[in-house]
$ cat input32.csv   # CSV, C-alpha atoms
chain,number,residue,atom,x,y,z
A,257,THR,CA,0.0,0.0,0.0
A,258,GLN,CA,1.4,3.4,-1.1
A,259,LEU,CA,1.0,5.7,1.9
A,260,LEU,CA,1.8,8.7,-0.3
A,261,GLU,CA,0.0,9.2,-3.6
A,262,GLN,CA,1.6,11.6,-6.1
A,263,SER,CA,-0.2,13.0,-9.1
A,264,PRO,CA,0.2,13.4,-11.9
A,265,GLN,CA,2.6,10.6,-12.6
A,266,PHE,CA,3.9,12.3,-15.7
A,267,LEU,CA,3.8,15.9,-16.8
A,268,SER,CA,5.2,17.4,-19.9
A,269,ILE,CA,4.9,21.2,-20.4
A,270,GLN,CA,6.4,24.0,-22.4
A,271,GLU,CA,8.9,26.4,-21.0
A,272,GLY,CA,7.2,29.4,-19.3
A,273,GLU,CA,4.1,27.5,-18.2
A,274,ASN,CA,3.0,27.1,-14.6
A,275,LEU,CA,2.2,23.7,-13.0
A,276,THR,CA,1.2,22.1,-9.8
A,277,VAL,CA,1.9,18.6,-8.6
A,278,TYR,CA,0.3,16.9,-5.6
A,279,CYS,CA,1.1,14.6,-2.8
A,280,ASN,CA,-1.9,13.1,-0.9
A,281,SER,CA,-2.5,10.6,1.9
A,282,SER,CA,-5.1,9.4,4.2
A,283,SER,CA,-2.6,9.6,7.1
A,284,VAL,CA,-1.6,12.7,9.1
A,285,PHE,CA,2.1,13.5,9.1
A,286,SER,CA,4.2,15.6,11.4
A,287,SER,CA,6.1,16.8,8.4
A,288,LEU,CA,6.5,16.2,4.7
A,289,GLN,CA,9.5,16.7,2.5
A,290,TRP,CA,9.9,17.4,-1.2
A,291,TYR,CA,12.9,16.1,-3.1
A,292,ARG,CA,14.0,16.5,-6.7
A,293,GLN,CA,15.9,13.8,-8.5
A,294,GLU,CA,17.7,14.2,-11.8
A,295,PRO,CA,18.7,11.2,-14.0
A,296,GLY,CA,21.7,9.3,-12.6
A,297,GLU,CA,21.6,11.2,-9.3
A,298,GLY,CA,20.2,10.7,-5.9
A,299,PRO,CA,17.3,12.8,-4.6
A,300,VAL,CA,18.1,16.2,-3.3
A,301,LEU,CA,16.0,17.8,-0.5
A,302,LEU,CA,14.1,20.9,-1.6
A,303,VAL,CA,12.0,21.7,1.5
A,304,THR,CA,10.4,20.4,4.6
A,305,VAL,CA,7.0,21.5,5.6
A,306,VAL,CA,5.9,21.1,9.2
A,307,THR,CA,2.9,23.2,10.2
A,308,GLY,CA,-0.6,22.7,8.7
A,309,GLY,CA,-1.4,25.4,6.2
A,310,GLU,CA,2.3,26.3,5.9
A,311,VAL,CA,3.5,27.9,2.6
A,312,LYS,CA,7.2,27.9,1.7
A,313,LYS,CA,8.8,29.5,-1.3
A,314,LEU,CA,12.0,28.6,-3.0
A,315,LYS,CA,12.5,31.0,-5.9
A,316,ARG,CA,9.9,29.9,-8.5
A,317,LEU,CA,8.8,26.9,-6.4
A,318,THR,CA,5.9,27.3,-3.8
A,319,PHE,CA,5.2,24.4,-1.4
A,320,GLN,CA,2.1,24.1,0.7
A,321,PHE,CA,1.2,21.7,3.5
A,322,GLY,CA,-2.5,21.0,3.8
A,323,ASP,CA,-4.3,22.3,6.9
A,324,ALA,CA,-5.0,18.8,8.1
A,325,ARG,CA,-1.3,17.8,7.4
A,326,LYS,CA,-2.4,15.0,5.1
A,327,ASP,CA,-1.5,16.5,1.7
A,328,SER,CA,0.9,18.9,0.1
A,329,SER,CA,1.4,20.6,-3.2
A,330,LEU,CA,4.3,22.0,-5.2
A,331,HIS,CA,3.6,24.8,-7.6
A,332,ILE,CA,6.2,25.9,-10.2
A,333,THR,CA,5.9,29.3,-11.8
A,334,ALA,CA,7.3,29.9,-15.3
A,335,ALA,CA,8.9,26.5,-15.6
A,336,GLN,CA,12.3,26.2,-17.2
A,337,PRO,CA,14.0,23.2,-18.8
A,338,GLY,CA,16.3,23.1,-15.7
A,339,ASP,CA,13.2,22.1,-13.6
A,340,THR,CA,13.0,18.8,-15.5
A,341,GLY,CA,13.3,15.9,-13.1
A,342,LEU,CA,11.5,13.5,-10.8
A,343,TYR,CA,9.7,15.3,-7.9
A,344,LEU,CA,9.3,13.1,-4.8
A,345,CYS,CA,7.4,13.7,-1.6
A,346,ALA,CA,8.4,11.8,1.5
A,347,PHE,CA,7.5,11.6,5.2
A,348,ARG,CA,9.6,10.5,8.2
A,349,ARG,CA,8.2,7.8,10.4
A,350,GLY,CA,8.8,9.3,13.8
A,351,ASN,CA,12.6,9.7,14.3
A,352,ASN,CA,13.3,7.0,11.8
A,353,ASP,CA,13.5,6.4,8.1
A,354,MET,CA,11.9,8.3,5.3
A,355,ARG,CA,9.2,6.8,3.0
A,356,PHE,CA,8.7,8.1,-0.5
A,357,GLY,CA,5.9,8.4,-2.9
A,358,ALA,CA,6.2,7.2,-6.5
A,359,GLY,CA,7.0,10.7,-7.8
A,360,THR,CA,5.9,13.0,-10.6
A,361,ARG,CA,8.2,13.0,-13.6
A,362,LEU,CA,8.3,16.5,-15.0
A,363,THR,CA,9.6,17.4,-18.5
A,364,VAL,CA,9.9,21.0,-19.4
A,365,LYS,CA,10.4,21.5,-23.1
A,366,PRO,CA,12.4,24.6,-24.4
B,126,GLY,CA,34.9,13.3,0.2
B,127,ALA,CA,32.2,15.9,0.8
B,128,GLY,CA,29.3,13.7,-0.2
B,129,VAL,CA,27.9,10.2,0.1
B,130,SER,CA,29.9,7.9,-2.1
B,131,GLN,CA,28.6,4.6,-3.5
B,132,THR,CA,30.6,2.0,-5.3
B,133,PRO,CA,30.5,0.6,-7.8
B,134,SER,CA,28.4,3.0,-9.9
B,135,ASN,CA,27.3,0.2,-12.1
B,136,LYS,CA,27.3,-3.6,-11.6
B,137,VAL,CA,26.3,-6.3,-14.0
B,138,THR,CA,26.1,-9.8,-12.6
B,139,GLU,CA,24.8,-13.1,-13.6
B,140,LYS,CA,21.7,-14.6,-12.1
B,141,GLY,CA,22.5,-16.6,-9.0
B,142,LYS,CA,25.7,-14.7,-8.2
B,143,TYR,CA,26.5,-12.8,-5.0
B,144,VAL,CA,27.1,-9.1,-5.0
B,145,GLU,CA,28.2,-6.4,-2.5
B,146,LEU,CA,27.4,-2.8,-2.8
B,147,ARG,CA,29.3,-0.2,-0.7
B,148,CYS,CA,28.3,3.1,0.8
B,149,ASP,CA,30.6,5.6,2.3
B,150,PRO,CA,28.5,8.1,4.2
B,151,ILE,CA,29.4,11.7,5.0
B,152,SER,CA,31.9,11.7,7.8
B,153,GLY,CA,30.3,12.0,11.2
B,154,HIS,CA,26.8,11.0,10.0
B,155,THR,CA,25.4,8.5,12.4
B,156,ALA,CA,22.3,7.6,10.4
B,157,LEU,CA,22.5,5.6,7.2
B,158,TYR,CA,19.7,4.4,4.9
B,159,TRP,CA,19.5,2.0,2.0
B,160,TYR,CA,16.8,2.3,-0.6
B,161,ARG,CA,16.0,0.5,-3.9
B,162,GLN,CA,14.6,2.4,-6.9
B,163,SER,CA,13.1,0.7,-9.9
B,164,LEU,CA,12.6,2.5,-13.2
B,165,GLY,CA,9.9,5.1,-12.9
B,166,GLN,CA,9.3,4.6,-9.2
B,167,GLY,CA,10.2,6.4,-6.0
B,168,PRO,CA,12.8,5.0,-3.7
B,169,GLU,CA,11.7,2.0,-1.7
B,170,PHE,CA,13.0,1.7,1.9
B,171,LEU,CA,15.2,-1.3,2.6
B,172,ILE,CA,17.1,-0.7,5.9
B,173,TYR,CA,18.1,2.0,8.3
B,174,PHE,CA,21.2,2.1,10.6
B,175,GLN,CA,21.7,4.2,13.6
B,176,GLY,CA,25.4,3.8,14.4
B,177,THR,CA,26.4,0.2,14.0
B,178,GLY,CA,23.0,-1.3,14.6
B,179,ALA,CA,20.1,-1.8,12.2
B,180,ALA,CA,17.3,0.2,13.7
B,181,ASP,CA,14.8,-0.9,11.1
B,182,ASP,CA,15.3,-3.7,8.5
B,183,SER,CA,11.7,-4.2,7.7
B,184,GLY,CA,12.1,-3.2,4.1
B,185,LEU,CA,14.5,-6.0,3.2
B,186,PRO,CA,12.5,-8.0,0.7
B,187,ASN,CA,13.7,-11.5,1.8
B,188,ASP,CA,16.6,-13.3,3.4
B,189,ARG,CA,18.8,-13.0,0.4
B,190,PHE,CA,19.4,-9.4,1.3
B,191,PHE,CA,21.6,-8.4,4.2
B,192,ALA,CA,23.4,-5.2,5.2
B,193,VAL,CA,26.1,-4.4,7.7
B,194,ARG,CA,27.8,-1.3,9.2
B,195,PRO,CA,30.4,-2.8,11.5
B,196,GLU,CA,32.2,0.4,12.6
B,197,GLY,CA,29.3,2.8,12.3
B,198,SER,CA,30.6,4.4,9.1
B,199,VAL,CA,30.9,2.4,5.8
B,200,SER,CA,28.0,0.1,5.1
B,201,THR,CA,27.8,-2.8,2.7
B,202,LEU,CA,24.5,-4.2,1.2
B,203,LYS,CA,24.9,-7.8,0.3
B,204,ILE,CA,22.6,-9.7,-2.0
B,205,GLN,CA,22.9,-13.5,-2.3
B,206,ARG,CA,21.7,-15.7,-5.2
B,207,THR,CA,20.7,-12.6,-7.3
B,208,GLU,CA,17.6,-12.7,-9.4
B,209,ARG,CA,16.6,-10.6,-12.4
B,210,GLY,CA,14.0,-8.9,-10.3
B,211,ASP,CA,16.8,-7.5,-8.1
B,212,SER,CA,17.8,-5.2,-11.0
B,213,ALA,CA,17.4,-1.6,-9.8
B,214,VAL,CA,19.3,1.4,-8.6
B,215,TYR,CA,20.4,1.0,-5.0
B,216,LEU,CA,20.6,4.3,-3.2
B,217,CYS,CA,22.3,5.1,0.1
B,218,ALA,CA,21.8,8.2,2.2
B,219,SER,CA,23.2,9.5,5.4
B,220,SER,CA,22.2,12.1,8.0
B,221,LEU,CA,24.0,13.7,10.9
B,222,GLN,CA,21.5,12.2,13.3
B,223,MET,CA,17.9,11.0,13.3
B,224,ASN,CA,15.4,13.4,11.8
B,225,THR,CA,17.9,15.7,10.2
B,226,GLU,CA,18.4,16.3,6.5
B,227,ALA,CA,19.5,13.2,4.6
B,228,PHE,CA,22.0,13.3,1.7
B,229,PHE,CA,21.9,10.7,-1.0
B,230,GLY,CA,24.7,9.2,-3.0
B,231,GLN,CA,24.4,8.7,-6.8
B,232,GLY,CA,23.4,5.1,-6.4
B,233,THR,CA,24.6,1.8,-7.7
B,234,ARG,CA,22.8,0.5,-10.8
B,235,LEU,CA,22.6,-3.2,-10.5
B,236,THR,CA,21.7,-5.3,-13.5
B,237,VAL,CA,21.2,-9.0,-13.1
B,238,VAL,CA,21.3,-10.9,-16.4
$ encode --input "input32.csv" --output "structure tokens"
Amino acid sequence: TQLLEQSPQFLSIQEGENLTVYCNSSSVFSSLQWYRQEPGEGPVLLVTVVTGGEVKKLKRLTFQFGDARKDSSLHITAAQPGDTGLYLCAFRRGNNDMRFGAGTRLTVKP
Amino acid sequence: GAGVSQTPSNKVTEKGKYVELRCDPISGHTALYWYRQSLGQGPEFLIYFQGTGAADDSGLPNDRFFAVRPEGSVSTLKIQRTERGDSAVYLCASSLQMNTEAFFGQGTRLTVV
């Protein structure tokens, strides 16, 4: 059973467009993390959201944690080819390991 | 080195053979994680070490998989009697302590033919 459902699974857009990807669960989390993974590389942490309703911005990326702490979204404004990659959400089980969703594979065409 | 190092970067082995995958974490990081990632999927948890001990090995798929971290630094993931379904990228990550940011290596791509 996938605790974290990510959608869409694939997304292909043109440079300059905006997009939103989602991470949903029926479970409540103390925090959620977003990672980006490029081909041949390991995932790199983008942000951790902790408080329900929290919004964090990282340049053109806006991350939101749902009020009930069950879901999160990532919005990218004016996407660029360099944004291409696999976007993963993850949660930590207490003080232990991280568990990941299946990811959204984003392709931004020039 | 400054980051997590995994060796080899690629490994091709024949079905039934034994393989070892090595992870050198960032110096001083006490927590170490192994994940397996199949094509088009997110990383799947295998095992987590805190120091020398396996704090959680519930993700190991069966008894052909085993991991050690004898001195609390380098870790080795061992796979016996490899099967074609074991083909995947094996990722290692480390963090300074529990619940702090984890840093991933580039992974070892294992292909069982």
$ closest_atom_pairs --input "input32.csv" --of "region 127-195 of chain B" --to "region 292-307 of chain A" --cutoff "10 Å" --atoms "all atoms listed in the file" --output "JSON lines"
{"residue": "B:Val129", "atom": "CA", "partner": "A:Gly298", "partner_atom": "CA", "distance": 9.8}
{"residue": "B:Ser134", "atom": "CA", "partner": "A:Gly296", "partner_atom": "CA", "distance": 9.6}
{"residue": "B:Gly167", "atom": "CA", "partner": "A:Pro299", "partner_atom": "CA", "distance": 9.7}
{"residue": "B:Pro168", "atom": "CA", "partner": "A:Pro299", "partner_atom": "CA", "distance": 9.0}
$ closest_residue --input "input32.csv" --among "A:Thr318, A:Ser281, A:Thr276, A:Ser286" --to "Phe356 (chain A)" --atoms "only C-alpha atoms"
A:Ser281
$ atom_distance --input "input32.csv" --atom1 "CA of Pro133 (chain B)" --atom2 "CA of Phe191 (chain B)"
17.4 Å
$ axis_aligned_box --input "input32.csv" --around "region 279-290 of chain A" --padding-each-side "5 Å" --output "lines of an AutoDock Vina configuration file"
center_x = 2.4
center_y = 13.4
center_z = 4.3
size_x = 25.0
size_y = 18.0
size_z = 24.2
$ interface_residues --input "input32.csv" --of "chain B" --to "chain A" --cutoff "6 Å" --atoms "only C-alpha atoms" --output "PyMOL selection string"
chain B and resi 166-167+223-224+229-231
$ write_last_selection --input "input32.csv" --atoms "C-alpha atoms" --output "PDB file, in the frame of the given file"
ATOM      1  CA  GLN B 166       9.300   4.600  -9.200  1.00  0.00           C
ATOM      2  CA  GLY B 167      10.200   6.400  -6.000  1.00  0.00           C
ATOM      3  CA  MET B 223      17.900  11.000  13.300  1.00  0.00           C
ATOM      4  CA  ASN B 224      15.400  13.400  11.800  1.00  0.00           C
ATOM      5  CA  PHE B 229      21.900  10.700  -1.000  1.00  0.00           C
ATOM      6  CA  GLY B 230      24.700   9.200  -3.000  1.00  0.00           C
ATOM      7  CA  GLN B 231      24.400   8.700  -6.800  1.00  0.00           C
TER       8      GLN B 231
END
$ residues_around --input "input32.csv" --residues "Lys315 (chain A)" --least-positions-apart "3" --cutoff "10 Å" --atoms "only C-alpha atoms" --output "NGL selection string"
:A and (312 or 318 or 332-333)
$ atom_distance --input "input32.csv" --atom1 "CA of Tyr278 (chain A)" --atom2 "CA of Asp327 (chain A)"
7.5 Å
$ residues_around --input "input32.csv" --residues "Asp188 (chain B)" --least-positions-apart "6" --cutoff "12 Å" --atoms "all atoms listed in the file" --output "PDB file with C-alpha atoms, in the coordinates of the input"
ATOM      1  CA  ASP B 182      15.300  -3.700   8.500  1.00  0.00           C
ATOM      2  CA  LYS B 203      24.900  -7.800   0.300  1.00  0.00           C
ATOM      3  CA  ILE B 204      22.600  -9.700  -2.000  1.00  0.00           C
ATOM      4  CA  GLN B 205      22.900 -13.500  -2.300  1.00  0.00           C
ATOM      5  CA  ARG B 206      21.700 -15.700  -5.200  1.00  0.00           C
ATOM      6  CA  THR B 207      20.700 -12.600  -7.300  1.00  0.00           C
TER       7      THR B 207
END
$ closest_residue --input "input32.csv" --among "B:Ala213, B:Phe228, B:Leu221, B:Phe170" --to "Val137 (chain B)" --atoms "all atoms listed in the file"
B:Ala213
$ residues_around --input "input32.csv" --residues "Gln222 (chain B)" --least-positions-apart "2" --cutoff "10 Å" --atoms "all atoms listed in the file" --output "ChimeraX atom specification"
/A:351-352 /B:153-157,175-176,219-220,224-227
$ decode --input "input32.csv" --residues "region 259-365 of chain A" --atoms "C-alpha atoms" --output "compact mmCIF listing (two decimals), in the first residue's frame"
# COMPACT_ATOMS: atom_id res chain seq x y z
CA LEU A 259 1.00 5.74 1.86
CA LEU A 260 1.78 8.74 -0.33
CA GLU A 261 -0.02 9.17 -3.65
CA GLN A 262 1.55 11.58 -6.07
CA SER A 263 -0.17 13.05 -9.09
CA PRO A 264 0.15 13.37 -11.93
CA GLN A 265 2.59 10.56 -12.56
CA PHE A 266 3.93 12.29 -15.68
CA LEU A 267 3.77 15.92 -16.77
CA SER A 268 5.17 17.43 -19.94
CA ILE A 269 4.89 21.19 -20.45
CA GLN A 270 6.43 24.02 -22.42
CA GLU A 271 8.95 26.44 -20.97
CA GLY A 272 7.21 29.37 -19.28
CA GLU A 273 4.09 27.48 -18.22
CA ASN A 274 2.97 27.08 -14.62
CA LEU A 275 2.25 23.73 -13.01
CA THR A 276 1.15 22.11 -9.78
CA VAL A 277 1.88 18.60 -8.56
CA TYR A 278 0.25 16.92 -5.61
CA CYS A 279 1.08 14.58 -2.77
CA ASN A 280 -1.87 13.05 -0.94
CA SER A 281 -2.45 10.61 1.87
CA SER A 282 -5.14 9.44 4.24
CA SER A 283 -2.61 9.65 7.07
CA VAL A 284 -1.64 12.68 9.11
CA PHE A 285 2.05 13.53 9.09
CA SER A 286 4.18 15.58 11.44
CA SER A 287 6.08 16.82 8.40
CA LEU A 288 6.48 16.24 4.69
CA GLN A 289 9.52 16.66 2.52
CA TRP A 290 9.89 17.39 -1.18
CA TYR A 291 12.88 16.13 -3.15
CA ARG A 292 13.98 16.52 -6.74
CA GLN A 293 15.90 13.78 -8.50
CA GLU A 294 17.72 14.15 -11.81
CA PRO A 295 18.70 11.18 -13.98
CA GLY A 296 21.71 9.32 -12.60
CA GLU A 297 21.63 11.21 -9.33
CA GLY A 298 20.19 10.68 -5.88
CA PRO A 299 17.27 12.76 -4.60
CA VAL A 300 18.08 16.24 -3.28
CA LEU A 301 16.00 17.81 -0.53
CA LEU A 302 14.09 20.92 -1.61
CA VAL A 303 12.01 21.71 1.47
CA THR A 304 10.44 20.35 4.64
CA VAL A 305 6.96 21.53 5.64
CA VAL A 306 5.90 21.07 9.23
CA THR A 307 2.90 23.21 10.15
CA GLY A 308 -0.61 22.68 8.75
CA GLY A 309 -1.35 25.39 6.20
CA GLU A 310 2.30 26.32 5.90
CA VAL A 311 3.53 27.86 2.64
CA LYS A 312 7.20 27.92 1.75
CA LYS A 313 8.77 29.52 -1.30
CA LEU A 314 12.02 28.60 -2.97
CA LYS A 315 12.55 30.97 -5.90
CA ARG A 316 9.88 29.93 -8.45
CA LEU A 317 8.75 26.94 -6.36
CA THR A 318 5.92 27.27 -3.84
CA PHE A 319 5.23 24.43 -1.42
CA GLN A 320 2.07 24.14 0.65
CA PHE A 321 1.19 21.75 3.47
CA GLY A 322 -2.51 21.04 3.84
CA ASP A 323 -4.35 22.32 6.90
CA ALA A 324 -4.96 18.75 8.08
CA ARG A 325 -1.34 17.77 7.38
CA LYS A 326 -2.43 14.96 5.06
CA ASP A 327 -1.46 16.48 1.74
CA SER A 328 0.94 18.86 0.08
CA SER A 329 1.37 20.61 -3.24
CA LEU A 330 4.26 21.99 -5.22
CA HIS A 331 3.61 24.84 -7.65
CA ILE A 332 6.23 25.94 -10.15
CA THR A 333 5.88 29.32 -11.85
CA ALA A 334 7.31 29.93 -15.31
CA ALA A 335 8.88 26.50 -15.59
CA GLN A 336 12.31 26.19 -17.16
CA PRO A 337 14.04 23.21 -18.80
CA GLY A 338 16.30 23.05 -15.73
CA ASP A 339 13.24 22.15 -13.64
CA THR A 340 13.02 18.82 -15.46
CA GLY A 341 13.27 15.89 -13.07
CA LEU A 342 11.47 13.50 -10.75
CA TYR A 343 9.71 15.30 -7.89
CA LEU A 344 9.26 13.12 -4.83
CA CYS A 345 7.41 13.71 -1.61
CA ALA A 346 8.41 11.84 1.53
CA PHE A 347 7.54 11.57 5.19
CA ARG A 348 9.55 10.50 8.18
CA ARG A 349 8.23 7.77 10.42
CA GLY A 350 8.84 9.30 13.82
CA ASN A 351 12.58 9.69 14.26
CA ASN A 352 13.29 6.96 11.78
CA ASP A 353 13.54 6.40 8.09
CA MET A 354 11.88 8.27 5.26
CA ARG A 355 9.21 6.78 3.02
CA PHE A 356 8.69 8.11 -0.48
CA GLY A 357 5.85 8.44 -2.95
CA ALA A 358 6.25 7.19 -6.52
CA GLY A 359 7.00 10.70 -7.77
CA THR A 360 5.93 13.02 -10.58
CA ARG A 361 8.19 12.98 -13.60
CA LEU A 362 8.28 16.51 -15.02
CA THR A 363 9.61 17.39 -18.46
CA VAL A 364 9.90 21.05 -19.43
CA LYS A 365 10.44 21.52 -23.15
